[in-house]
file structure-v5.cif (mmCIF, C-alpha atoms and all ligand atoms)
data_work
loop_
_atom_site.label_atom_id
_atom_site.label_comp_id
_atom_site.auth_asym_id
_atom_site.auth_seq_id
_atom_site.Cartn_x
_atom_site.Cartn_y
_atom_site.Cartn_z
CA MET A 16 86.29 44.50 18.25
CA ARG A 17 83.12 46.61 18.12
CA LEU A 18 82.11 49.45 20.43
CA PHE A 19 79.94 47.58 22.91
CA GLU A 20 82.37 44.67 23.04
CA SER A 21 84.96 47.23 24.09
CA ILE A 22 82.52 48.78 26.60
CA LEU A 23 81.89 45.38 28.20
CA GLU A 24 85.60 44.61 28.28
CA THR A 25 86.40 48.00 29.81
CA ASN A 26 83.65 47.42 32.37
CA GLN A 27 85.18 44.10 33.42
CA ARG A 28 88.51 45.81 33.96
CA ARG A 29 86.87 48.55 36.02
CA VAL A 30 85.00 46.02 38.15
CA ALA A 31 88.36 44.31 38.72
CA GLY A 32 89.77 47.58 40.07
CA ALA A 33 91.26 49.31 37.03
CA THR A 34 89.38 52.57 37.68
CA ASP A 35 91.25 54.39 34.93
CA ALA A 36 90.16 51.95 32.21
CA VAL A 37 88.35 53.74 29.38
CA VAL A 38 87.02 52.83 25.96
CA PRO A 39 89.53 54.02 23.30
CA ALA A 40 87.16 56.55 21.76
CA ALA A 41 89.36 57.30 18.74
CA GLU A 42 89.05 53.68 17.60
CA PHE A 43 85.27 53.86 17.71
CA ALA A 44 84.64 57.35 16.36
CA GLY A 45 82.22 55.92 13.78
CA ALA A 46 80.07 54.30 16.47
CA LEU A 47 79.89 57.27 18.85
CA PRO A 48 77.99 58.89 20.44
CA ILE A 49 75.62 56.31 21.92
CA ALA A 50 72.06 56.97 23.11
CA ALA A 51 71.24 55.21 26.39
CA LEU A 52 67.96 54.78 28.23
CA SER A 53 68.23 54.03 31.94
CA CYS A 54 66.16 54.27 35.12
CA ILE A 55 65.87 57.46 37.21
CA ASP A 56 67.42 55.72 40.24
CA PRO A 57 69.92 58.28 41.66
CA ARG A 58 72.36 55.49 42.47
CA LEU A 59 73.04 55.43 38.72
CA ASN A 60 74.01 59.12 38.55
CA HIS A 61 77.73 58.45 38.79
CA LEU A 62 77.84 54.68 38.60
CA LEU A 63 76.52 54.33 35.07
CA PRO A 64 78.76 56.79 33.18
CA ASP A 65 81.76 55.58 35.19
CA MET A 66 81.19 51.91 34.50
CA LEU A 67 80.57 52.42 30.77
CA GLY A 68 84.02 53.97 30.48
CA ILE A 69 83.04 56.51 27.82
CA ALA A 70 83.31 60.30 27.95
CA GLU A 71 80.33 62.57 28.66
CA GLU A 72 80.24 63.99 25.16
CA HIS A 73 79.77 60.50 23.73
CA PHE A 74 76.89 59.63 26.04
CA ILE A 75 73.34 60.85 25.25
CA TRP A 76 71.47 59.86 28.37
CA LEU A 77 67.69 59.43 28.54
CA ARG A 78 66.08 58.41 31.80
CA ASN A 79 62.63 57.38 32.96
CA ALA A 80 61.27 55.45 35.93
CA GLY A 81 62.11 51.81 35.25
CA ASN A 82 63.75 52.44 31.82
CA ILE A 83 60.41 51.52 30.29
CA ILE A 84 59.32 51.88 26.69
CA THR A 85 55.56 51.53 26.37
CA SER A 86 55.23 51.40 22.59
CA PRO A 87 57.22 51.81 19.36
CA LEU A 88 55.82 55.34 19.04
CA SER A 89 55.98 56.42 22.67
CA SER A 90 57.44 59.68 23.93
CA THR A 91 60.67 57.90 24.91
CA MET A 92 60.92 56.51 21.37
CA ARG A 93 60.48 60.03 20.06
CA SER A 94 63.50 61.16 22.08
CA LEU A 95 65.58 58.11 21.11
CA SER A 96 64.83 58.69 17.43
CA LEU A 97 65.80 62.36 17.70
CA ALA A 98 68.94 61.39 19.61
CA CYS A 99 69.92 59.55 16.42
CA ALA A 100 68.51 61.95 13.83
CA VAL A 101 69.45 65.27 15.47
CA LYS A 102 72.28 64.45 17.87
CA GLY A 103 73.91 61.81 15.71
CA ALA A 104 73.75 58.80 18.04
CA LYS A 105 75.03 55.72 16.20
CA GLU A 106 74.02 52.94 18.60
CA ILE A 107 71.24 52.61 21.18
CA VAL A 108 71.29 50.80 24.49
CA VAL A 109 68.57 50.10 27.05
CA ILE A 110 70.20 49.67 30.46
CA GLY A 111 68.27 48.11 33.31
CA HIS A 112 69.64 47.77 36.83
CA THR A 113 69.35 45.32 39.69
CA ASP A 114 67.30 46.24 42.77
CA CYS A 115 64.97 48.49 40.70
CA GLN A 116 62.20 49.90 42.87
CA VAL A 117 59.81 50.13 39.92
CA CYS A 118 60.21 46.38 39.54
CA LYS A 119 59.82 45.75 43.26
CA THR A 120 56.67 47.83 43.76
CA SER A 121 53.36 45.95 43.54
CA THR A 122 50.19 47.71 42.36
CA LEU A 123 48.86 47.51 45.92
CA GLN A 124 51.98 49.19 47.33
CA LEU A 125 51.81 51.77 44.57
CA LEU A 126 48.22 52.63 45.47
CA GLU A 127 49.21 53.00 49.12
CA LYS A 128 52.07 55.32 48.18
CA PHE A 129 49.81 57.40 45.95
CA SER A 130 47.17 57.52 48.68
CA ALA A 131 49.78 58.83 51.14
CA LEU A 132 50.55 61.56 48.58
CA GLY A 133 46.87 62.51 48.37
CA VAL A 134 46.36 60.97 44.92
CA ASP A 135 42.91 59.37 44.69
CA ARG A 136 42.57 55.93 43.15
CA HIS A 137 39.67 57.03 40.96
CA LYS A 138 41.82 59.68 39.30
CA LEU A 139 44.45 57.15 38.27
CA PRO A 140 44.25 55.09 35.06
CA GLU A 141 42.26 51.90 35.53
CA ASN A 142 45.07 49.60 34.42
CA LEU A 143 48.04 50.64 36.58
CA VAL A 144 50.35 47.91 35.31
CA GLU A 145 49.84 48.99 31.73
CA TYR A 146 49.99 52.74 32.36
CA PHE A 147 53.05 52.74 34.61
CA GLY A 148 54.65 49.88 32.69
CA LEU A 149 55.19 47.93 35.92
CA PHE A 150 57.29 44.82 35.42
CA SER A 151 58.42 41.85 37.45
CA SER A 152 61.80 41.06 35.87
CA GLU A 153 64.52 43.63 35.19
CA ARG A 154 66.05 41.41 32.54
CA GLN A 155 62.76 40.85 30.69
CA ASN A 156 61.95 44.55 30.91
CA VAL A 157 65.23 45.31 29.11
CA MET A 158 64.45 42.68 26.45
CA ARG A 159 60.99 44.17 25.99
CA GLY A 160 62.43 47.69 25.66
CA VAL A 161 64.91 46.53 23.03
CA GLU A 162 62.05 44.78 21.18
CA PHE A 163 60.08 48.02 21.03
CA VAL A 164 63.08 50.08 19.86
CA ARG A 165 63.97 47.50 17.24
CA ALA A 166 60.38 47.39 15.94
CA SER A 167 59.91 51.15 15.96
CA PRO A 168 59.48 52.77 12.54
CA LEU A 169 61.39 55.74 14.01
CA ILE A 170 64.70 53.84 14.23
CA GLY A 171 66.62 52.76 11.14
CA ALA A 172 67.64 49.13 10.70
CA LYS A 173 71.34 50.11 10.62
CA VAL A 174 71.34 51.29 14.26
CA PRO A 175 72.40 48.47 16.61
CA VAL A 176 70.09 48.26 19.65
CA HIS A 177 71.60 46.65 22.74
CA GLY A 178 70.24 45.65 26.11
CA LEU A 179 72.40 45.70 29.26
CA LEU A 180 71.80 45.10 32.95
CA ILE A 181 74.02 46.82 35.51
CA ASP A 182 74.58 45.49 39.01
CA ILE A 183 73.76 48.46 41.23
CA LYS A 184 76.27 47.30 43.88
CA THR A 185 79.30 46.33 41.80
CA GLY A 186 78.68 48.25 38.55
CA LYS A 187 79.21 45.07 36.55
CA LEU A 188 77.46 45.10 33.17
CA ASP A 189 75.70 42.05 31.75
CA TRP A 190 74.87 41.80 28.09
CA VAL A 191 71.13 40.99 27.88
CA VAL A 192 70.69 41.66 24.15
CA ASN A 193 73.64 41.84 21.77
CA GLY A 194 72.52 44.36 19.17
CA TYR A 195 75.19 43.25 16.70
CA GLU A 196 73.73 39.76 16.58
CA ALA A 197 70.01 40.55 16.55
CA PRO A 198 68.93 40.61 12.88
CA ALA A 199 66.92 43.66 11.95
CA SER A 200 64.47 41.49 10.03
CA ALA A 201 63.45 39.79 13.27
CA ALA A 202 62.35 43.12 14.73
CA VAL A 203 58.90 42.24 15.98
CA VAL A 204 57.07 43.03 19.17
CA SER A 205 55.46 39.94 20.62
CA GLY A 206 52.03 39.60 22.16
CA LYS A 207 48.86 41.63 21.90
CA ALA A 208 50.65 44.99 21.82
CA GLY A 209 52.78 43.83 18.89
CA GLU A 210 49.73 42.65 16.98
CA MET A 211 48.00 46.00 17.47
CA PHE A 212 51.10 47.86 16.40
CA ARG A 213 51.53 45.85 13.22
CA LYS A 214 47.90 46.47 12.25
CA ALA A 215 48.27 50.19 12.81
CA ASP A 216 51.52 50.19 10.87
CA GLN A 217 50.02 48.38 7.88
CA THR A 218 47.05 50.69 7.92
CA LEU A 219 49.30 53.75 7.92
CA ASP A 220 50.94 52.32 4.80
CA SER A 221 47.70 52.02 2.86
CA PHE A 222 46.64 55.31 4.33
CA ALA A 223 49.72 57.10 3.00
CA ARG A 224 49.23 55.56 -0.44
CA ILE A 225 45.64 56.75 -0.60
CA GLY A 226 46.63 60.16 0.67
CA ASN A 227 49.21 60.45 -2.11
CA ALA A 228 46.67 59.38 -4.69
CA ALA A 229 44.24 61.87 -3.21
CA ALA A 230 46.80 64.64 -3.51
CA GLU A 231 47.10 63.80 -7.20
CA GLU A 232 43.33 63.85 -7.53
CA LEU A 233 43.30 67.44 -6.35
CA LYS A 234 43.97 68.25 -9.98
CA LEU A 235 40.68 66.58 -10.97
CA PRO A 236 37.26 68.23 -11.32
CA GLU A 237 35.18 68.54 -8.15
CA ALA A 238 32.85 65.63 -9.11
CA LYS A 239 35.68 63.10 -9.27
CA ILE A 240 37.19 64.35 -6.04
CA GLY A 241 33.96 63.25 -4.33
CA GLU A 242 34.55 59.67 -5.50
CA VAL A 243 38.09 59.60 -4.14
CA VAL A 244 36.88 60.89 -0.80
CA SER A 245 34.30 58.15 -0.51
CA ILE A 246 36.86 55.42 -1.28
CA ALA A 247 39.33 56.92 1.17
CA ARG A 248 36.68 57.10 3.88
CA ASP A 249 36.56 53.32 4.36
CA VAL A 250 40.30 53.00 4.87
CA LEU A 251 40.53 56.03 7.08
CA GLN A 252 37.73 54.86 9.34
CA ARG A 253 39.75 51.71 9.83
CA VAL A 254 42.77 53.82 10.73
CA GLU A 255 40.67 55.55 13.36
CA GLN A 256 39.48 52.27 14.84
CA VAL A 257 42.90 50.68 14.83
CA ALA A 258 44.45 53.80 16.35
CA ALA A 259 41.83 53.93 19.10
CA ALA A 260 42.22 50.21 19.81
CA ALA A 261 46.00 50.53 19.76
CA GLN A 262 45.83 53.43 22.15
CA ASN A 263 43.67 51.44 24.53
CA SER A 264 45.80 48.36 24.19
CA ILE A 265 49.34 49.61 24.28
CA GLY A 266 48.87 53.04 25.78
CA SER A 267 50.11 54.95 22.74
CA HIS A 268 49.01 58.54 23.17
CA GLY A 269 50.92 59.68 20.17
CA THR A 270 51.05 59.64 16.45
CA ALA A 271 48.71 56.79 15.55
CA ALA A 272 45.81 58.17 17.57
CA LYS A 273 46.30 61.74 16.37
CA ILE A 274 46.54 60.67 12.74
CA GLY A 275 43.44 58.54 13.13
CA ALA A 276 41.50 61.40 14.66
CA THR A 277 42.58 63.84 11.95
CA ALA A 278 41.72 61.27 9.29
CA THR A 279 38.20 60.91 10.57
CA ARG A 280 37.82 64.65 10.74
CA ALA A 281 38.95 64.87 7.13
CA VAL A 282 36.59 62.34 5.66
CA SER A 283 33.63 62.06 7.98
CA PRO A 284 30.52 63.39 6.22
CA THR A 285 28.64 63.56 9.52
CA ALA A 286 31.27 65.14 11.74
CA ALA A 287 29.71 68.55 11.31
CA SER A 288 26.46 67.27 12.78
CA VAL A 289 27.98 65.97 16.01
CA PRO A 290 25.93 67.54 18.82
CA ALA A 291 27.67 70.31 20.71
CA SER A 292 27.28 68.43 23.99
CA ALA A 293 29.21 65.45 22.62
CA ALA A 294 31.91 67.72 21.26
CA GLY A 295 32.20 69.68 24.48
CA SER A 296 32.85 67.88 27.72
CA ALA A 297 33.49 64.56 26.05
CA ASN A 298 35.65 64.10 23.04
CA ALA A 299 34.92 65.52 19.64
CA SER A 300 37.06 63.21 17.58
CA ALA A 301 35.75 60.05 19.24
CA ALA A 302 32.21 61.32 18.80
CA ALA A 303 32.94 62.10 15.17
CA ALA A 304 34.34 58.62 14.69
CA ALA A 305 31.29 57.03 16.26
CA ALA A 306 29.04 59.13 14.06
CA ALA A 307 31.02 58.24 10.98
CA THR A 308 31.29 54.52 11.57
CA SER A 309 28.17 53.81 13.65
CA ALA A 310 30.54 51.54 15.52
CA SER A 311 31.61 51.55 19.11
CA VAL A 312 34.92 53.39 19.22
CA PRO A 313 36.65 53.54 22.61
CA PRO A 314 36.41 57.15 23.85
CA ALA A 315 40.15 57.43 24.30
CA LEU A 316 41.34 59.78 21.60
CA PRO A 317 42.83 63.15 22.51
CA PRO A 318 40.23 65.89 22.88
CA THR A 319 42.05 68.12 20.45
CA MET A 320 39.55 68.82 17.71
CA ALA A 321 36.30 70.68 17.71
CA ALA A 322 33.60 69.39 15.37
CA PRO A 323 34.51 70.94 12.02
CA ALA A 324 32.21 73.01 9.90
CA ALA A 325 31.06 71.38 6.67
CA MET A 326 34.03 70.97 4.34
CA SER A 327 34.06 70.96 0.60
CA PRO A 328 35.40 67.73 -0.97
CA ALA A 329 38.46 69.64 -2.14
CA ASP A 330 39.17 70.87 1.40
CA LYS A 331 38.74 67.35 2.73
CA LEU A 332 41.29 66.10 0.25
CA ARG A 333 43.75 68.84 1.14
CA LEU A 334 43.47 67.87 4.79
CA LEU A 335 43.73 64.22 3.79
CA ALA A 336 46.93 64.85 1.85
CA LYS A 337 48.38 66.64 4.87
CA VAL A 338 47.47 63.68 7.09
CA ALA A 339 49.16 61.34 4.64
CA ARG A 340 52.32 63.44 4.70
CA ASP A 341 52.27 63.44 8.52
CA ALA A 342 51.79 59.68 8.54
CA LYS A 343 54.69 59.18 6.17
CA ALA A 344 56.89 61.60 8.08
CA ALA A 345 56.12 59.76 11.32
CA ARG A 346 57.16 56.48 9.72
CA ARG A 347 60.33 57.78 8.13
CA LYS A 348 61.75 59.92 10.92
ZN ZN B 1 65.09 51.56 38.71
#
call {"tool": "encode", "arguments": {"input": "structure-v5.cif", "output": "structure tokens"}}
result
Amino acid sequence: MRLFESILETNQRRVAGATDAVVPAAEFAGALPIAALSCIDPRLNHLLPDMLGIAEEHFIWLRNAGNIITSPLSSTMRSLSLACAVKGAKEIVVIGHTDCQVCKTSTLQLLEKFSALGVDRHKLPENLVEYFGLFSSERQNVMRGVEFVRASPLIGAKVPVHGLLIDIKTGKLDWVVNGYEAPASAAVVSGKAGEMFRKADQTLDSFARIGNAAAEELKLPEAKIGEVVSIARDVLQRVEQVAAAAQNSIGSHGTAAKIGATATRAVSPTAASVPASAAGSANASAAAAAAATSASVPPALPPTMAAPAAMSPADKLRLLAKVARDAKAARRK
């Protein structure tokens, strides 16, 4: 018997009244602790740890409204990956619950609630469903969360990723996704978000390769470095575009967008000539990208970078190599 099979069995005994039933932790030392993502619903505060039947020290508990994961590189994914890498979690579980208010709230109701709190509609993101990750089925939301964890480059293929649904009244657990059965090779995110993510992922791969080559080229004379920069520019502009599109599409405000923005800054020959007005109130990196590509890039990148002063090719390559290392680190962590 494996850990989550024991957890489900223990749960059944608890539901049947055996309130002292616990998972025999010593038998599963190699599979503990677990990292769990659940909703913020306070009804889960005691119910969830109790009904899992495992001790506090074996339970790394992440919570957000609706136990939602918005992308394979989201902030929640960052915490889940560090739960494994830093806190030693061996298995991951996304736990939804019945009667979830995030699931039950329509966009119209949400706007009314925000309005009552003095939050203006025009200050909220345009696409509320996408931004807040609103969903209409608790079960499907768990499946979607597991999909994102499974597809995330931040989680190793050896970590089983389960999906459970807990009945908020009885505490009974239902197995939505059995992480022992789901093959790691089938880890794909479906739909438009998945497509965007795969493109960004592939681009980061080529990006890292070019960055490594560029780092090697640092040993070359200045003239040759210029050639490498011009080859790298094409790929990196694509990274920028994919990152911006991915950010718009799947709401990733993290690594992909930042790497894309830094990449453009590194290789754009025209970034230094971006007008101060565009770099000020608006968004320097998006403006730099538009200047570099003459294409329409969604103005959604983080306003983190001022327009850089003119860089020497060697400096560009040094920055490029750093970006490549960051990209690789983000994929490997
Ligand atoms: Zn909830």
call {"tool": "atom_distance", "arguments": {"input": "structure-v5.cif", "atom1": "atom CA of Leu67 of chain A", "atom2": "atom CA of Ala98 of chain A"}}
result
18.4 Å
call {"tool": "residues_around", "arguments": {"input": "structure-v5.cif", "residues": "segment 22-26 of chain A", "least_positions_apart": "5", "cutoff": "7 Å", "atoms": "all atoms listed in the file", "output": "list in words"}}
result
Ala36, Val37, Val38, Met66, Leu67, Gly68, Lys187 and Leu188 of chain A
call {"tool": "write_last_selection", "arguments": {"input": "structure-v5.cif", "atoms": "C-alpha atoms", "output": "PDB file, in the frame of the given file"}}
result
ATOM      1  CA  ALA A  36      90.160  51.950  32.210  1.00  0.00           C
ATOM      2  CA  VAL A  37      88.350  53.740  29.380  1.00  0.00           C
ATOM      3  CA  VAL A  38      87.020  52.830  25.960  1.00  0.00           C
ATOM      4  CA  MET A  66      81.190  51.910  34.500  1.00  0.00           C
ATOM      5  CA  LEU A  67      80.570  52.420  30.770  1.00  0.00           C
ATOM      6  CA  GLY A  68      84.020  53.970  30.480  1.00  0.00           C
ATOM      7  CA  LYS A 187      79.210  45.070  36.550  1.00  0.00           C
ATOM      8  CA  LEU A 188      77.460  45.100  33.170  1.00  0.00           C
TER       9      LEU A 188
END
call {"tool": "residues_near_ligand", "arguments": {"input": "structure-v5.cif", "ligand": "ligand ZN 1 (chain B)", "cutoff": "10 Å", "atoms": "all atoms listed in the file", "output": "PyMOL selection string"}}
result
chain A and resi 53-59+78-83+110-119+153+183
call {"tool": "atom_distance", "arguments": {"input": "structure-v5.cif", "atom1": "atom CA of Leu95 of chain A", "atom2": "atom CA of His61 of chain A"}}
result
21.5 Å
call {"tool": "closest_residue", "arguments": {"input": "structure-v5.cif", "among": "A:Lys184, A:Arg93, A:His177, A:Lys138", "to": "Leu63 of chain A", "atoms": "only C-alpha atoms"}}
result
A:Lys184
call {"tool": "closest_residue", "arguments": {"input": "structure-v5.cif", "among": "A:Glu141, A:Gly178, A:Leu169, A:Val108", "to": "Ser89 of chain A", "atoms": "all atoms listed in the file"}}
result
A:Leu169
call {"tool": "atom_distance", "arguments": {"input": "structure-v5.cif", "atom1": "atom CA of Val191 of chain A", "atom2": "atom CA of Leu179 of chain A"}}
result
5.1 Å
call {"tool": "closest_residue", "arguments": {"input": "structure-v5.cif", "among": "A:Ser94, A:Thr122, A:Ser130, A:Asn60", "to": "Gly148 of chain A", "atoms": "all atoms listed in the file"}}
result
A:Thr122
call {"tool": "residues_near_point", "arguments": {"input": "structure-v5.cif", "point": "(78.7, 58.6, 19.5)", "cutoff": "6 Å", "atoms": "only C-alpha atoms", "output": "PyMOL selection string"}}
result
chain A and resi 46-49+73+104-105
call {"tool": "residues_near_point", "arguments": {"input": "structure-v5.cif", "point": "(64.4, 47.7, 16.5)", "cutoff": "12 Å", "atoms": "all atoms listed in the file", "output": "PDB file with C-alpha atoms, in the frame of the given file"}}
result
ATOM      1  CA  SER A  86      55.230  51.400  22.590  1.00  0.00           C
ATOM      2  CA  PRO A  87      57.220  51.810  19.360  1.00  0.00           C
ATOM      3  CA  LEU A  88      55.820  55.340  19.040  1.00  0.00           C
ATOM      4  CA  MET A  92      60.920  56.510  21.370  1.00  0.00           C
ATOM      5  CA  LEU A  95      65.580  58.110  21.110  1.00  0.00           C
ATOM      6  CA  SER A  96      64.830  58.690  17.430  1.00  0.00           C
ATOM      7  CA  GLU A 106      74.020  52.940  18.600  1.00  0.00           C
ATOM      8  CA  ILE A 107      71.240  52.610  21.180  1.00  0.00           C
ATOM      9  CA  VAL A 108      71.290  50.800  24.490  1.00  0.00           C
ATOM     10  CA  VAL A 109      68.570  50.100  27.050  1.00  0.00           C
ATOM     11  CA  MET A 158      64.450  42.680  26.450  1.00  0.00           C
ATOM     12  CA  ARG A 159      60.990  44.170  25.990  1.00  0.00           C
ATOM     13  CA  GLY A 160      62.430  47.690  25.660  1.00  0.00           C
ATOM     14  CA  VAL A 161      64.910  46.530  23.030  1.00  0.00           C
ATOM     15  CA  GLU A 162      62.050  44.780  21.180  1.00  0.00           C
ATOM     16  CA  PHE A 163      60.080  48.020  21.030  1.00  0.00           C
ATOM     17  CA  VAL A 164      63.080  50.080  19.860  1.00  0.00           C
ATOM     18  CA  ARG A 165      63.970  47.500  17.240  1.00  0.00           C
ATOM     19  CA  ALA A 166      60.380  47.390  15.940  1.00  0.00           C
ATOM     20  CA  SER A 167      59.910  51.150  15.960  1.00  0.00           C
ATOM     21  CA  PRO A 168      59.480  52.770  12.540  1.00  0.00           C
ATOM     22  CA  LEU A 169      61.390  55.740  14.010  1.00  0.00           C
ATOM     23  CA  ILE A 170      64.700  53.840  14.230  1.00  0.00           C
ATOM     24  CA  GLY A 171      66.620  52.760  11.140  1.00  0.00           C
ATOM     25  CA  ALA A 172      67.640  49.130  10.700  1.00  0.00           C
ATOM     26  CA  LYS A 173      71.340  50.110  10.620  1.00  0.00           C
ATOM     27  CA  VAL A 174      71.340  51.290  14.260  1.00  0.00           C
ATOM     28  CA  PRO A 175      72.400  48.470  16.610  1.00  0.00           C
ATOM     29  CA  VAL A 176      70.090  48.260  19.650  1.00  0.00           C
ATOM     30  CA  HIS A 177      71.600  46.650  22.740  1.00  0.00           C
ATOM     31  CA  GLY A 178      70.240  45.650  26.110  1.00  0.00           C
ATOM     32  CA  VAL A 192      70.690  41.660  24.150  1.00  0.00           C
ATOM     33  CA  GLY A 194      72.520  44.360  19.170  1.00  0.00           C
ATOM     34  CA  TYR A 195      75.190  43.250  16.700  1.00  0.00           C
ATOM     35  CA  ALA A 197      70.010  40.550  16.550  1.00  0.00           C
ATOM     36  CA  PRO A 198      68.930  40.610  12.880  1.00  0.00           C
ATOM     37  CA  ALA A 199      66.920  43.660  11.950  1.00  0.00           C
ATOM     38  CA  SER A 200      64.470  41.490  10.030  1.00  0.00           C
ATOM     39  CA  ALA A 201      63.450  39.790  13.270  1.00  0.00           C
ATOM     40  CA  ALA A 202      62.350  43.120  14.730  1.00  0.00           C
ATOM     41  CA  VAL A 203      58.900  42.240  15.980  1.00  0.00           C
ATOM     42  CA  VAL A 204      57.070  43.030  19.170  1.00  0.00           C
TER      43      VAL A 204
END
call {"tool": "closest_residue", "arguments": {"input": "structure-v5.cif", "among": "A:Val134, A:Gly186, A:Asn193, A:Thr120", "to": "Arg29 of chain A", "atoms": "all atoms listed in the file"}}
result
A:Gly186
call {"tool": "axis_aligned_box", "arguments": {"input": "structure-v5.cif", "around": "segment 150-167 of chain A", "padding_each_side": "6 Å", "output": "JSON"}}
result
{"center_x": 61.7, "center_y": 46.0, "center_z": 26.7, "size_x": 20.8, "size_y": 22.3, "size_z": 33.5}
call {"tool": "closest_residue", "arguments": {"input": "structure-v5.cif", "among": "A:Leu52, A:Asp135, A:Thr91, A:Leu62", "to": "Phe74 of chain A", "atoms": "all atoms listed in the file"}}
result
A:Leu52
call {"tool": "build_atoms", "arguments": {"input": "structure-v5.cif", "residues": "segment 134-147 of chain A", "atoms": "N, CA and C atoms", "output": "PDB file, in the frame of the given file"}}
result
ATOM      1  N   VAL A 134      46.840  61.264  46.275  1.00  0.00           N
ATOM      2  CA  VAL A 134      46.360  60.970  44.920  1.00  0.00           C
ATOM      3  C   VAL A 134      45.250  59.923  45.016  1.00  0.00           C
ATOM      4  N   ASP A 135      44.046  60.289  44.588  1.00  0.00           N
ATOM      5  CA  ASP A 135      42.910  59.370  44.690  1.00  0.00           C
ATOM      6  C   ASP A 135      42.983  58.265  43.649  1.00  0.00           C
ATOM      7  N   ARG A 136      42.591  57.067  44.072  1.00  0.00           N
ATOM      8  CA  ARG A 136      42.570  55.930  43.150  1.00  0.00           C
ATOM      9  C   ARG A 136      41.747  56.229  41.896  1.00  0.00           C
ATOM     10  N   HIS A 137      40.577  56.865  42.101  1.00  0.00           N
ATOM     11  CA  HIS A 137      39.670  57.030  40.960  1.00  0.00           C
ATOM     12  C   HIS A 137      40.195  58.020  39.925  1.00  0.00           C
ATOM     13  N   LYS A 138      41.230  58.759  40.286  1.00  0.00           N
ATOM     14  CA  LYS A 138      41.820  59.680  39.300  1.00  0.00           C
ATOM     15  C   LYS A 138      42.959  59.030  38.521  1.00  0.00           C
ATOM     16  N   LEU A 139      43.358  57.847  38.952  1.00  0.00           N
ATOM     17  CA  LEU A 139      44.450  57.150  38.270  1.00  0.00           C
ATOM     18  C   LEU A 139      43.886  56.289  37.134  1.00  0.00           C
ATOM     19  N   PRO A 140      44.722  55.981  36.126  1.00  0.00           N
ATOM     20  CA  PRO A 140      44.250  55.090  35.060  1.00  0.00           C
ATOM     21  C   PRO A 140      43.806  53.745  35.650  1.00  0.00           C
ATOM     22  N   GLU A 141      42.815  53.147  34.999  1.00  0.00           N
ATOM     23  CA  GLU A 141      42.260  51.900  35.530  1.00  0.00           C
ATOM     24  C   GLU A 141      43.330  50.805  35.581  1.00  0.00           C
ATOM     25  N   ASN A 142      44.061  50.663  34.478  1.00  0.00           N
ATOM     26  CA  ASN A 142      45.070  49.600  34.420  1.00  0.00           C
ATOM     27  C   ASN A 142      46.444  50.179  34.795  1.00  0.00           C
ATOM     28  N   LEU A 143      46.791  50.040  36.076  1.00  0.00           N
ATOM     29  CA  LEU A 143      48.040  50.640  36.580  1.00  0.00           C
ATOM     30  C   LEU A 143      49.274  49.965  35.996  1.00  0.00           C
ATOM     31  N   VAL A 144      49.203  48.650  35.835  1.00  0.00           N
ATOM     32  CA  VAL A 144      50.350  47.910  35.310  1.00  0.00           C
ATOM     33  C   VAL A 144      50.680  48.407  33.909  1.00  0.00           C
ATOM     34  N   GLU A 145      49.634  48.559  33.102  1.00  0.00           N
ATOM     35  CA  GLU A 145      49.840  48.990  31.730  1.00  0.00           C
ATOM     36  C   GLU A 145      50.319  50.445  31.681  1.00  0.00           C
ATOM     37  N   TYR A 146      49.652  51.313  32.439  1.00  0.00           N
ATOM     38  CA  TYR A 146      49.990  52.740  32.360  1.00  0.00           C
ATOM     39  C   TYR A 146      51.399  53.027  32.878  1.00  0.00           C
ATOM     40  N   PHE A 147      51.730  52.462  34.032  1.00  0.00           N
ATOM     41  CA  PHE A 147      53.050  52.740  34.610  1.00  0.00           C
ATOM     42  C   PHE A 147      54.123  51.792  34.078  1.00  0.00           C
TER      43      PHE A 147
END
